[in-house]
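See structure below.
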Amino acid sequence: MIFLICICIFITITFALALLLKKKIEEILAPTAMIMILILYISGLFQNLLIGEYIIIGCAMVSFIIILFYVKKSFRDMKQYMTPGLLAFVIFLVFNIVICKGRWLSEGDEFSHWGRATLNMYKWNKYGNCVQPMTLFFPGYPPAASLWEYFFVCLKSTFSEAYLFAAHNVLCFILMLPVYKKIEWKHWKKAIFLLAVLFFTPLIFYRDFWATVYVDGLLGIWMFYILYVHFSEKENSLFKIFKICLALGLYPLVKASGSGMAFLLILIILVDSLICNKLEDDWKKKIGMIFGYTI
């Protein structure tokens with residue numbers, strides 16, 4: 001029940017942002033999650049993660065008022081936010097809860113760090129490596145994934161390992177969900193096929209992708225998200241720049257190697273933006289001159 005309440009908090013904030021920004025839900029889910037992680041991270045710097053939790057709950061209350069205002073103002077316009085991407089998220093959410101029910105930590109690093117880090121946060125409302133005596137084997141690991149999982153367990157009266165898996169899977173899935181932004185209800189067959197692709201493709205590269213709280217898979221999906229946002233949105237809108245900067249800024253908090261990978265991503269984006277796009281425009285002009293038209 002607590003897990004569903006946390007999902008409702010997350011969805012409420014996402015829905016309000018979608019209304020304010022006039023964007024589809026599937027485009028806002030990932031940035032909302034990243035903002036929540038950032039809020040918890042900043043509150044952790046003050047040695048109290050509950051501050052961030054209360055801020056997020058407060059944001060959800062304000063978001064609920066915003067949603068009510070929009071519903072009262074124009075109920076018919078709300079239908080445009082009921083997208084195939086939102087339905088795909090709901091379907092995955094139900095399936096995810098089922099497959100994660102009763103799951104326990106079982107892998108080595110889940111005991112030595114990832115599960116223990118979130119447990120420490122749950123007990124002390126601090127970063128997992130700020131507890132004495134030190135119980136983590138890898139205290140230098142960054143906390144982004146654990147902070148996201150903490151959001152789902154901190155309100156529960158007893159610590160639930162199953163919640164860690166469910167929360168981790170939700171974060172991974174919403175990073176892939178932007179691929180739905182151009183899918184309409186008339187493309188329902190494509191929407192079903194795409195849902196299967198999103199679920200099974202990660203398993204090709206990482207067999208235990210949906211069955212572990214290791215961040216290696218999350219690291220790869222995070223990179224996919226950044227590259228997809230850049231290459232799928234041709235116009236350099238303020239919203240696109242914000243999403244990429246937010247994702248790049250938090251990438252090193254997923255895993256230490258994220259710093260080097262973030263630098264690589266920045267190079268890819270710069271090369272594509274400054275060189276490849278210019279070359280593409282030059283070739284379009286040359287082809288246009290040959291065939292007698294202007295692009």
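Chain identifiers are assigned as A, B, and so on, following the order in which chains appear in the structure tokens; residues are numbered from 1 within each chain, and ligands are numbered from 1 in order of appearance.
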
Please provide the set of residues having any atom within 9 Å of Tyr228 in chain A, restricted to only C-alpha atoms, with same-chain residues fewer than 3 positions apart removed, written as a ChimeraX atom specification.
/A:176,178-179,223-225,231-233

Using only C-alpha atoms, determine which residues lie at most 9 Å from range 156-161 of chain A, disregarding the query and same-chain residues fewer than 3 positions distant; provide the list as a list in words.
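Counting only the stated atoms, we get Ile2, Phe3, Gly102, Arg103, Trp104, Leu105, Gly115, Leu119, Tyr122, Lys123, Phe152, Val153, Leu164 and Phe165 of chain A.
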
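The nearest approach to Leu50 in chain A among the residues A:Lys186, A:Lys126, A:Lys181, A:Lys243, with only C-alpha atoms taken into account, belongs to A:Lys126.
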
Given only C-alpha atoms as the counted atoms, nearest of A:Val197, A:Ala211, A:Leu238, A:Leu203 to Glu110 in chain A
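Checking each of A:Val197, A:Ala211, A:Leu238, A:Leu203 against Glu110 in chain A, counting only C-alpha atoms, the winner is A:Ala211.
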
Let me make sure I understand: among A:Cys154, A:Leu248, A:Leu264, A:Val90, which one has the smallest atom-to-atom distance to Glu26 in chain A if we use only C-alpha atoms?
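Ranked by minimum distance to Glu26 in chain A, first place goes to A:Val90.
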
Separation of CA of Phe205 in chain A and CA of Phe193 in chain A, in Å?
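Distance reported for this atom pair: 19.1 Å.
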
Can you measure CA of Pro84 in chain A to CA of Ile7 in chain A for me? One decimal in Å is fine.
18.4 Å

Would you kindly return, as a compact mmCIF listing (two decimals) with C-alpha atoms, in the first residue's frame, each protein, DNA or RNA residue with an atom no farther than 12 Å from any atom of Phe199 in chain A, considering only C-alpha atoms and excluding same-chain residues fewer than 4 positions away?
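Written out: out_2.txt:
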# COMPACT_ATOMS: atom_id res chain seq x y z
CA ALA A 88 2.14 1.38 -20.81
CA PHE A 89 3.47 2.72 -17.52
CA ILE A 91 0.62 -1.96 -17.25
CA PHE A 92 4.30 -2.22 -16.38
CA LEU A 93 3.61 -0.99 -12.85
CA PHE A 95 3.35 -6.39 -13.69
CA ASN A 96 6.32 -5.02 -11.75
CA ASN A 169 12.54 -1.24 -11.94
CA VAL A 170 10.21 1.75 -12.11
CA CYS A 172 14.67 2.01 -15.23
CA PHE A 173 11.38 1.78 -17.12
CA ILE A 174 10.52 5.48 -17.05
CA MET A 176 12.89 4.30 -21.59
CA LEU A 177 9.32 5.57 -21.73
CA ILE A 192 1.87 -3.16 -27.61
CA PHE A 193 4.94 -4.23 -29.59
CA LEU A 194 6.95 -1.36 -28.14
CA LEU A 195 6.03 -2.34 -24.59
CA LEU A 203 17.46 -8.63 -20.86
CA ILE A 204 19.56 -9.24 -23.98
CA PHE A 205 22.40 -7.19 -22.51
CA TYR A 206 21.83 -7.94 -18.82
CA ARG A 207 20.00 -11.16 -17.95
CA ASP A 208 19.04 -10.08 -14.41
CA PHE A 209 18.04 -6.56 -15.39
CA TRP A 210 14.60 -6.70 -13.75

Check the DSSP output for the backbone and give back, as an NGL selection string, the residues of range 20-232 of chain A in helix (DSSP H, G or I).
:A and (20-21 or 25-45 or 49-73 or 76-81 or 84-100 or 108-124 or 128-130 or 144-153 or 161-180 or 185-205 or 209-211 or 216-232)

Give me, please, the distance in Å between CA of Tyr127 in chain A and CA of Gly249 in chain A, quoted to one decimal.
18.9 Å

Using only C-alpha atoms, I'd like a table of the residues in range 158-242 of chain A that come within 12 Å of range 253-262 of chain A; for each, show the closest atom pair and its distance in Å rounded to one decimal, ordered by chain and ascending number, as CSV.
residue,atom,partner,partner_atom,distance
A:His168,CA,A:Val254,CA,11.9
A:Leu171,CA,A:Val254,CA,11.7
A:Cys172,CA,A:Val254,CA,11.9
A:Val213,CA,A:Val254,CA,11.9
A:Tyr214,CA,A:Lys255,CA,10.2
A:Val215,CA,A:Val254,CA,7.0
A:Asp216,CA,A:Lys255,CA,8.1
A:Gly217,CA,A:Val254,CA,10.5
A:Leu218,CA,A:Val254,CA,7.9
A:Leu219,CA,A:Val254,CA,6.6
A:Gly220,CA,A:Gly258,CA,9.7
A:Ile221,CA,A:Val254,CA,11.1
A:Trp222,CA,A:Val254,CA,8.8
A:Met223,CA,A:Met261,CA,8.1
A:Phe224,CA,A:Met261,CA,11.6
A:Ile226,CA,A:Ala262,CA,9.5
A:Leu227,CA,A:Ala262,CA,10.9

Would you save the residues of that selection, restricted to C-alpha atoms, as a PDB file, in the first residue's frame?
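Output saved as selection_28.pdb:
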ATOM      1  CA  HIS A 168      14.518   0.283  -9.057  1.00  0.00           C
ATOM      2  CA  LEU A 171      13.171   4.117 -12.448  1.00  0.00           C
ATOM      3  CA  CYS A 172      14.673   2.009 -15.232  1.00  0.00           C
ATOM      4  CA  VAL A 213      19.146  -3.593  -7.563  1.00  0.00           C
ATOM      5  CA  TYR A 214      22.639  -3.387  -9.067  1.00  0.00           C
ATOM      6  CA  VAL A 215      23.058  -0.039 -10.823  1.00  0.00           C
ATOM      7  CA  ASP A 216      25.004  -1.324 -13.864  1.00  0.00           C
ATOM      8  CA  GLY A 217      21.817  -1.734 -15.901  1.00  0.00           C
ATOM      9  CA  LEU A 218      20.495   1.606 -14.675  1.00  0.00           C
ATOM     10  CA  LEU A 219      23.748   3.242 -15.783  1.00  0.00           C
ATOM     11  CA  GLY A 220      23.213   1.967 -19.327  1.00  0.00           C
ATOM     12  CA  ILE A 221      19.551   2.957 -19.458  1.00  0.00           C
ATOM     13  CA  TRP A 222      20.443   6.417 -18.143  1.00  0.00           C
ATOM     14  CA  MET A 223      22.865   6.824 -21.058  1.00  0.00           C
ATOM     15  CA  PHE A 224      20.183   5.648 -23.472  1.00  0.00           C
ATOM     16  CA  ILE A 226      20.297  11.134 -22.606  1.00  0.00           C
ATOM     17  CA  LEU A 227      21.157  10.053 -26.152  1.00  0.00           C
TER      18      LEU A 227
END

In terms of the shortest atom-to-atom distance over only C-alpha atoms, which of A:Val71, A:Leu246, A:Leu87, A:Cys130 is closest to Gly44 in chain A?
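Once distances to Gly44 in chain A are computed over only C-alpha atoms, the minimum belongs to A:Cys130.
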